[in-house]
Amino acid sequence: MNKLSKRGQQLFLVLALNLICASFLTCQTLIADEKGITFQEIASDIFGEKIGDDKSGDVYKWGLTARYTGPKEVFPGEGKFKDLFNFLPAIKWFDPAHYYKPKVVVEGEFEGMECVLCHTVQTPGIVKDWKRSRHSQPGKTASMEKEEVVTCNKCHGNDHANLKMPDTNVCGGCHPEKLAQHKSGGPGSHAQAFHLDIVENAWQLDKPAAEMHSCASCHGIAENRCDGCHTRHRFSPAEARRSETCGVCHMGADHYDYETWSNSYHGKIYKSEGDQWNWDLRLKDWGRMEKDGQLPAPRTPTCAFCHMPKGNHNVHYAITVDSRKGKDLVNRGAEKFEAKRKNWIKTCRTCHSPRFAKDQLAAMDEQVNVSFAKVREAFKIVIDLQKEGLLDPMPEGLAPDWLGHKTFSLLPNGKERFYNVSKIEKMALEMMAYHSTAVYKSAAHFSMNDISYNLGAFPMDSTLVEIKSEASKLRRLATLEKKAGINHVPYDFWSQGEYTDLLKGKERKEGDVGPKSECLHEGAQCLDEN
Amino acid sequence: MNKLSKRGQQLFLVLALNLICASFLTCQTLIADEKGITFQEIASDIFGEKIGDDKSGDVYKWGLTARYTGPKEVFPGEGKFKDLFNFLPAIKWFDPAHYYKPKVVVEGEFEGMECVLCHTVQTPGIVKDWKRSRHSQPGKTASMEKEEVVTCNKCHGNDHANLKMPDTNVCGGCHPEKLAQHKSGGPGSHAQAFHLDIVENAWQLDKPAAEMHSCASCHGIAENRCDGCHTRHRFSPAEARRSETCGVCHMGADHYDYETWSNSYHGKIYKSEGDQWNWDLRLKDWGRMEKDGQLPAPRTPTCAFCHMPKGNHNVHYAITVDSRKGKDLVNRGAEKFEAKRKNWIKTCRTCHSPRFAKDQLAAMDEQVNVSFAKVREAFKIVIDLQKEGLLDPMPEGLAPDWLGHKTFSLLPNGKERFYNVSKIEKMALEMMAYHSTAVYKSAAHFSMNDISYNLGAFPMDSTLVEIKSEASKLRRLATLEKKAGINHVPYDFWSQGEYTDLLKGKERKEGDVGPKSECLHEGAQCLDEN
Amino acid sequence: MNKLSKRGQQLFLVLALNLICASFLTCQTLIADEKGITFQEIASDIFGEKIGDDKSGDVYKWGLTARYTGPKEVFPGEGKFKDLFNFLPAIKWFDPAHYYKPKVVVEGEFEGMECVLCHTVQTPGIVKDWKRSRHSQPGKTASMEKEEVVTCNKCHGNDHANLKMPDTNVCGGCHPEKLAQHKSGGPGSHAQAFHLDIVENAWQLDKPAAEMHSCASCHGIAENRCDGCHTRHRFSPAEARRSETCGVCHMGADHYDYETWSNSYHGKIYKSEGDQWNWDLRLKDWGRMEKDGQLPAPRTPTCAFCHMPKGNHNVHYAITVDSRKGKDLVNRGAEKFEAKRKNWIKTCRTCHSPRFAKDQLAAMDEQVNVSFAKVREAFKIVIDLQKEGLLDPMPEGLAPDWLGHKTFSLLPNGKERFYNVSKIEKMALEMMAYHSTAVYKSAAHFSMNDISYNLGAFPMDSTLVEIKSEASKLRRLATLEKKAGINHVPYDFWSQGEYTDLLKGKERKEGDVGPKSECLHEGAQCLDEN
């Protein structure tokens, strides 16, 4: 920085202006931008790097001198919001029925071992998988006289220029009962994970396609494909009986399942001796006595044992009471859930006395209730600030969402969002979505440790203290400003900035949105009109 | 929110009052409460949900319109504080000697295979476990001529209407040496984990029963039961030799054991090849040469190998120097701990040269020392604020603890607590209890990575920066208020609120507690009188 | 604290002075220090503990009354900065060529089974390892007619008083091709991990020897030793093919590799069935069809399969594009990296179609780009504050680094550092080093979950909100102070304190450093002169 380039000297002028501006601190921080000088230009001068587009292949120190140029191809959304969002091309693998189009690579019609012959060289791993699968090794079952070999063309078709990408319906052709069970799941279940959660509820409206892609991947595979649990091309029931299978999606702060099971006695015993158990045993037989010399049945429950008793593919059927993964409060021990609670206790009875199970579940009920007492205390503090206009910023100071609205995320006309909100709102939402959830999941999965540690009650305490501390600072600053006659206006960075601008959506026009926001997208209903 | 109900209009009036209040910002935020309108009522109107008790079975969006109704049954505490706290009913399983009462389900006297016969249907898992256990497969040992089959009634009694729930003393009947070793542990060991830590030291005074239940579970099982490590009804020594067993309890921010061992070379090698090792081998034989064809002994230490050499069940015997799990500073290499350091190095010598081991342990000593240099710098900053009355809030602004005291948690008359404190106190406590502990445990368990990452030195640096930043803000605000003639009084939310009120304890009467707090519980000693 | 000792009464006077001082709040908080009373003295009185050195063996409550006395022996650094930093003695094991000196324990010359005989008692574990290794079980290979037994003395020498500690060069004597591949790695690879990263780039300048030791351990073992991956004395290729081996070092917030692989489908499948795969199979044969009856090849990639195809020991050779572990932005799909992208896709083709692989990698490119849009937005906010002099503190208020400089860590004359910076700088750096890295690693390793959760895009959103909130507070405070005529000067605790003083380095003299910092270390170049 010792020797400033010519451009640097010009920039210096801008910095000087900024410093003058700084002596009247209420003015905003975007003079450089007003002069048409971007942050990339300033960073370029400082770091001696040329500005470039993010597709160049150049290395940008901290990415500072790059310009975001967006995906070159996207797919339109589905459903009533289809014009308001889009998907990355990779969505074709997670919702093949809507997005997959075959690509001509090799022409010709092939079947059976012809496919195998070539793919033994092209993609040997899946051929090896298939050879170890029951699809290639026909047996006999009670329901079928004699099984046929399921060759590649059974699922993908014979025409290589027109290959099909199979989804649950294709698998359901031979496994109709499993498909029917899968499809019978209600809201919150696998069966509704994509077209209800992602498409109709329009989660993907809130963020650029690239950011929602990871959400869409898990949600898509859960609803639309069977190989999310029975990975291709082995399609093994044994694999799906183990908890790792579920854990690919069911982990992370607001689906805190795999972690809590892993840390429980059940999970720890599984980790130390699970490789010696008989995973080929059907779930319904785990509780039966083995004959001498047989491998032991699994000694602890895995996800499937409790949530898919006897292999029922409606994962909500047995014990799950919908509470949006623990974000809402519901008493699972209430009379109306008696059947589910009984199912639960019956499952525990494989190894535990009903009295033991009931006591543990009653403890869970209390632990969950107390966690929501913290949530309510926190929400009251934040809603009080909003009522008095003391959030920093108030919703009006934020960027609008893709629908053009500027909403308070804790009231019904807003959406839960953990970005493009004030800090104290975000903390309250995290408390509910991460910590209450963690307390519930830990208790339900009997991880004594996680109830307190990791994301549980202790960090929840910590968040409550931080919410109070933030509320106190916001009030003290406002009191001081009042006395000093300062009218605090939210800084521009809350509503502008490279990423924040992406959130506004590519089709929003200048002036679309005012403090009294309206839904201005013609032909598309806004969320609060639903 | 567009159309407000009548009730909503009334509420609106309250909101308006709040806004007027907001123009005199030093006034508090609880007008709604003063008018007798609860947060639940406000939320009910906003969300269009009826208010209900948390036992109803209704789904409460974010739990906002629920009312906490508490556990319907609790058990009294034990010891001198017995009137001041209580346990959830599930405590009976973790301290059966005090709380377990048999429940008549089936009457009659049974023994041996009679029990097994029925329980093969009722709770097949534990029968299968038992059948694979040595309890059902008698052998011969050096100390016993011939073993007897240990049937159900040996531990639970014959009278089904009066079943016993066995604790360590029952197991000790046949395993007296192990029990004696277990009981010989001092403070901080398994032997003192429940009746000293939980009951006498009154940890559970601080919080509602539901919150301390998870603490009591691990602490109870560690002291009172053998099947915390040798899980029922297999009761396997092989299981307890593996680290997962210990990991059920020994994980989380202030018992950071399992994580750090897992991430070390020892843990990683265990994970990749541990399933091929001979877990039936006694700990004392792990260092011996195997004969040809035998399974290899474990190639890396597990928890038990270092902390229970030769199977000694006093887990503190060999190498553990008590430092409250790393929260206090102690030099484990000092002369007075020579025997323990030698034990440690001797253990390492199974595979490493003493010189290598000594160097690693000396590095640990330094790493721990430096972490406490950060703690001291942080504590000085916080204690300076307290001396000058600048904490927000000062202890007087907080809710009292269950003993009626309002204490500064960093001074001897307070208790370490991570809730119901000011933010900066909390951060200092976390630094000491989470980060110093993590640096120590990582170094002692040779997780090179955790010493810096996860909870180690790097987040500790981060916390130090945040403590300084918070101290600076508190001082700047106070300076401004001084100049403006504003006398900042802590906001009411620090001492009131749904969860905070639970912390005050159900028996505390209005007016019990003033700024100069006194212990007002007749018949019970207060903590600082001990 | 009820009864103050005499010393306590004196201290009370100091506290009183502090309180008077507090009424003029702009004055600093170090009066106690000015009076020559240390924090340890105050804490000693409060806690009734005597002050002592950290080597005493006494237990210091929270470490408060300890005094840091530093390591009694350190080794000088290497290279041009050798006078400015030092290493703990344990460095000898991680860079034996420079630091290991034999220590005479036993004299005499030994070879072959003589060593084994004695070490079967002294360190049995490594003898058992060796006995299971190929070093003790000679075979035949294509390149060698007949292998020789590799006995202890081949690597350590015969002279027990002068034992050698082998490094990569010793192993390279018999494995020259592997050594050559290892050494051919460029910056960022194993081959440059210690002497470039640690020694020449002088990372270890920033912190006390004890803090950098954990960094030096992993970096040293990666460059200088082969038993970081093939652990001694088994030296197994099978071990190194599994991901746990790499995971010892490749984990933690800014090397987020093992975690993201573990959480992917690949990692989860590995965890559930990996113990049944043939780890003795060479990497180049994993894609080949097995004969009947053979154990299956690994069904999912491990670290080595993608990053060391066909066993090439240059870990950067195949697909890694250097972006400082994801801290810098680079488009891995750009034309100039075509060969690497093709390699990558070719690797995926073992099981996946190229079209599938390309779509996933294109999604990764977008996900990474969006994460840097957040970084740029955050950096702009922080750099704006720095330009306007509003950081708290500005670099001048911080302690100097070991070179005597007071620098802004986000500009080229500073160094990335996560300590001894203002809070908002730290948050921006964490966003780039932890969260951008996590988004990239998660996407590259196909952990759909981690892209959003854990350290991914969601906590990155959270950090952006917190940066804006902090920027707003700094601006509001400055505006208020301006209006009130207060000239805010950074508090002393930013530049002083027990740990902060350690950062200044032991050789810096009083007065070395002023606001316009200069490099005052004679005989050593400063960083910005390079």
# chains A, B, ... in the order shown; residues from 1 in each chain; ligands from 1

$ residues_around --residues "Met394 of chain B" --least-positions-apart "3" --cutoff "8 Å" --atoms "only C-alpha atoms" --output "JSON list (two decimals) with N, CA, C and O atoms, in the first residue's frame"
[["chain", "number", "residue", "atom", "x", "y", "z"],
["B", 386, "GLN", "N", -17.12, -5.30, 37.35],
["B", 386, "GLN", "CA", -17.97, -5.52, 38.52],
["B", 386, "GLN", "C", -17.61, -4.54, 39.63],
["B", 386, "GLN", "O", -18.48, -3.96, 40.27],
["B", 389, "GLY", "N", -19.11, -1.28, 39.05],
["B", 389, "GLY", "CA", -20.57, -1.24, 38.93],
["B", 389, "GLY", "C", -21.06, -1.17, 37.50],
["B", 389, "GLY", "O", -22.16, -0.68, 37.24],
["B", 390, "LEU", "N", -20.28, -1.66, 36.55],
["B", 390, "LEU", "CA", -20.62, -1.48, 35.14],
["B", 390, "LEU", "C", -21.16, -2.72, 34.45],
["B", 390, "LEU", "O", -21.43, -2.69, 33.25],
["B", 391, "LEU", "N", -21.27, -3.82, 35.17],
["B", 391, "LEU", "CA", -21.90, -4.97, 34.54],
["B", 391, "LEU", "C", -23.35, -4.63, 34.19],
["B", 391, "LEU", "O", -23.99, -3.83, 34.89],
["B", 397, "GLY", "N", -29.58, -6.80, 39.75],
["B", 397, "GLY", "CA", -30.61, -6.72, 38.72],
["B", 397, "GLY", "C", -31.09, -8.08, 38.24],
["B", 397, "GLY", "O", -32.00, -8.17, 37.42],
["B", 398, "LEU", "N", -30.45, -9.14, 38.72],
["B", 398, "LEU", "CA", -30.81, -10.50, 38.28],
["B", 398, "LEU", "C", -31.87, -11.11, 39.19],
["B", 398, "LEU", "O", -32.13, -10.60, 40.29],
["B", 408, "PHE", "N", -22.64, -12.42, 42.39],
["B", 408, "PHE", "CA", -21.75, -12.30, 41.25],
["B", 408, "PHE", "C", -21.11, -13.68, 41.07],
["B", 408, "PHE", "O", -20.44, -14.19, 41.97],
["B", 422, "SER", "N", -24.95, -11.80, 33.72],
["B", 422, "SER", "CA", -24.75, -10.88, 32.61],
["B", 422, "SER", "C", -23.96, -11.59, 31.52],
["B", 422, "SER", "O", -23.28, -12.59, 31.76],
["B", 490, "PRO", "N", -31.11, -1.56, 35.40],
["B", 490, "PRO", "CA", -31.26, -2.77, 34.59],
["B", 490, "PRO", "C", -32.73, -3.02, 34.24],
["B", 490, "PRO", "O", -33.61, -2.81, 35.07]]

$ residues_around --residues "Ile198 of chain B" --least-positions-apart "5" --cutoff "9 Å" --atoms "only C-alpha atoms" --output "PDB file with all heavy atoms, in the first residue's frame"
ATOM      1  N   GLN B 192     -18.265 -40.639  43.568  1.00  0.00           N
ATOM      2  CA  GLN B 192     -18.806 -39.447  44.222  1.00  0.00           C
ATOM      3  C   GLN B 192     -19.690 -38.648  43.263  1.00  0.00           C
ATOM      4  O   GLN B 192     -20.065 -37.517  43.579  1.00  0.00           O
ATOM      5  CB  GLN B 192     -17.638 -38.547  44.681  1.00  0.00           C
ATOM      6  CG  GLN B 192     -16.546 -39.256  45.456  1.00  0.00           C
ATOM      7  CD  GLN B 192     -16.930 -39.499  46.907  1.00  0.00           C
ATOM      8  OE1 GLN B 192     -17.849 -38.864  47.420  1.00  0.00           O
ATOM      9  NE2 GLN B 192     -16.240 -40.423  47.557  1.00  0.00           N
ATOM     10  N   ALA B 193     -19.990 -39.228  42.145  1.00  0.00           N
ATOM     11  CA  ALA B 193     -20.633 -38.456  41.077  1.00  0.00           C
ATOM     12  C   ALA B 193     -22.058 -38.046  41.405  1.00  0.00           C
ATOM     13  O   ALA B 193     -22.556 -37.035  40.907  1.00  0.00           O
ATOM     14  CB  ALA B 193     -20.613 -39.257  39.765  1.00  0.00           C
ATOM     15  N   TRP B 203     -26.040 -29.110  43.090  1.00  0.00           N
ATOM     16  CA  TRP B 203     -26.123 -28.557  41.737  1.00  0.00           C
ATOM     17  C   TRP B 203     -27.565 -28.342  41.329  1.00  0.00           C
ATOM     18  O   TRP B 203     -27.886 -27.429  40.601  1.00  0.00           O
ATOM     19  CB  TRP B 203     -25.537 -29.546  40.734  1.00  0.00           C
ATOM     20  CG  TRP B 203     -24.075 -29.634  40.730  1.00  0.00           C
ATOM     21  CD1 TRP B 203     -23.201 -29.024  41.590  1.00  0.00           C
ATOM     22  CD2 TRP B 203     -23.280 -30.378  39.807  1.00  0.00           C
ATOM     23  NE1 TRP B 203     -21.917 -29.358  41.254  1.00  0.00           N
ATOM     24  CE2 TRP B 203     -21.939 -30.187  40.173  1.00  0.00           C
ATOM     25  CE3 TRP B 203     -23.578 -31.198  38.729  1.00  0.00           C
ATOM     26  CZ2 TRP B 203     -20.899 -30.785  39.471  1.00  0.00           C
ATOM     27  CZ3 TRP B 203     -22.541 -31.791  38.043  1.00  0.00           C
ATOM     28  CH2 TRP B 203     -21.214 -31.572  38.407  1.00  0.00           C
ATOM     29  N   GLN B 204     -28.379 -29.266  41.764  1.00  0.00           N
ATOM     30  CA  GLN B 204     -29.742 -29.268  41.265  1.00  0.00           C
ATOM     31  C   GLN B 204     -30.595 -28.189  41.915  1.00  0.00           C
ATOM     32  O   GLN B 204     -31.753 -28.035  41.567  1.00  0.00           O
ATOM     33  CB  GLN B 204     -30.341 -30.659  41.413  1.00  0.00           C
ATOM     34  CG  GLN B 204     -30.820 -30.986  42.786  1.00  0.00           C
ATOM     35  CD  GLN B 204     -29.668 -31.125  43.787  1.00  0.00           C
ATOM     36  OE1 GLN B 204     -28.524 -30.724  43.549  1.00  0.00           O
ATOM     37  NE2 GLN B 204     -29.980 -31.631  44.939  1.00  0.00           N
ATOM     38  N   CYS B 215     -28.492 -34.127  33.903  1.00  0.00           N
ATOM     39  CA  CYS B 215     -27.272 -34.186  34.714  1.00  0.00           C
ATOM     40  C   CYS B 215     -27.351 -35.370  35.680  1.00  0.00           C
ATOM     41  O   CYS B 215     -26.420 -36.168  35.807  1.00  0.00           O
ATOM     42  CB  CYS B 215     -27.073 -32.913  35.529  1.00  0.00           C
ATOM     43  SG  CYS B 215     -27.069 -31.417  34.529  1.00  0.00           S
ATOM     44  N   ALA B 216     -28.508 -35.432  36.372  1.00  0.00           N
ATOM     45  CA  ALA B 216     -28.680 -36.464  37.392  1.00  0.00           C
ATOM     46  C   ALA B 216     -28.629 -37.864  36.791  1.00  0.00           C
ATOM     47  O   ALA B 216     -28.191 -38.814  37.453  1.00  0.00           O
ATOM     48  CB  ALA B 216     -30.002 -36.254  38.128  1.00  0.00           C
ATOM     49  N   HIS B 219     -24.842 -38.737  36.192  1.00  0.00           N
ATOM     50  CA  HIS B 219     -24.160 -38.784  37.496  1.00  0.00           C
ATOM     51  C   HIS B 219     -24.690 -39.936  38.336  1.00  0.00           C
ATOM     52  O   HIS B 219     -23.927 -40.565  39.069  1.00  0.00           O
ATOM     53  CB  HIS B 219     -24.318 -37.442  38.216  1.00  0.00           C
ATOM     54  CG  HIS B 219     -23.356 -36.399  37.732  1.00  0.00           C
ATOM     55  ND1 HIS B 219     -22.229 -36.055  38.417  1.00  0.00           N
ATOM     56  CD2 HIS B 219     -23.350 -35.657  36.604  1.00  0.00           C
ATOM     57  CE1 HIS B 219     -21.567 -35.122  37.747  1.00  0.00           C
ATOM     58  NE2 HIS B 219     -22.227 -34.846  36.644  1.00  0.00           N
ATOM     59  N   GLY B 220     -25.993 -40.199  38.220  1.00  0.00           N
ATOM     60  CA  GLY B 220     -26.574 -41.299  38.981  1.00  0.00           C
ATOM     61  C   GLY B 220     -26.095 -42.652  38.492  1.00  0.00           C
ATOM     62  O   GLY B 220     -25.694 -43.523  39.276  1.00  0.00           O
TER      63      GLY B 220
END

$ residues_around --residues "Ala399 of chain C" --least-positions-apart "4" --cutoff "7 Å" --atoms "only C-alpha atoms" --output "JSON, numbers by chain"
{"C": [406, 420, 494, 495, 496, 500, 504]}

$ residues_around --residues "segment 242-246 of chain C" --least-positions-apart "6" --cutoff "12 Å" --atoms "only C-alpha atoms" --output "number ranges by chain"
B: 262-274, 449; C: 190, 218, 221-222, 226-231, 235-236, 255-262, 266-268, 270-271, 274-275, 277-283, 298, 300-308, 315

$ atom_distance --atom1 "atom CA of Gln137 of chain A" --atom2 "atom CA of Val149 of chain A"
6.6 Å

$ atom_distance --atom1 "atom CA of Ala457 of chain A" --atom2 "atom CA of Met251 of chain B"
15.0 Å

$ residues_around --residues "Ile424 of chain A" --least-positions-apart "5" --cutoff "12 Å" --atoms "only C-alpha atoms" --output "PyMOL selection string"
(chain A and resi 378-386+390-394+408-410+418-419+429-431+463-474) or (chain C and resi 462+465-466+468-470)

$ interface_residues --of "chain A" --to "chain C" --cutoff "6 Å" --atoms "only C-alpha atoms" --output "ChimeraX atom specification"
/A:19,22,25,55-64,90,123-126,210,214,244,252,419,423,497-499

$ atom_distance --atom1 "atom CA of Arg241 of chain A" --atom2 "atom CA of Gly311 of chain A"
9.0 Å

$ select_by_dssp --residues "segment 100-214 of chain C" --states "helix (DSSP H, G or I)" --output "PyMOL selection string"
chain C and resi 113-122+124-132+152-156+160-162+168-172+176-183+190-192+195-200+203-205+209-214

$ closest_residue --among "B:Asn201, B:Thr168, B:Asn158, B:Ser136" --to "Asn224 of chain B" --atoms "only C-alpha atoms"
B:Thr168
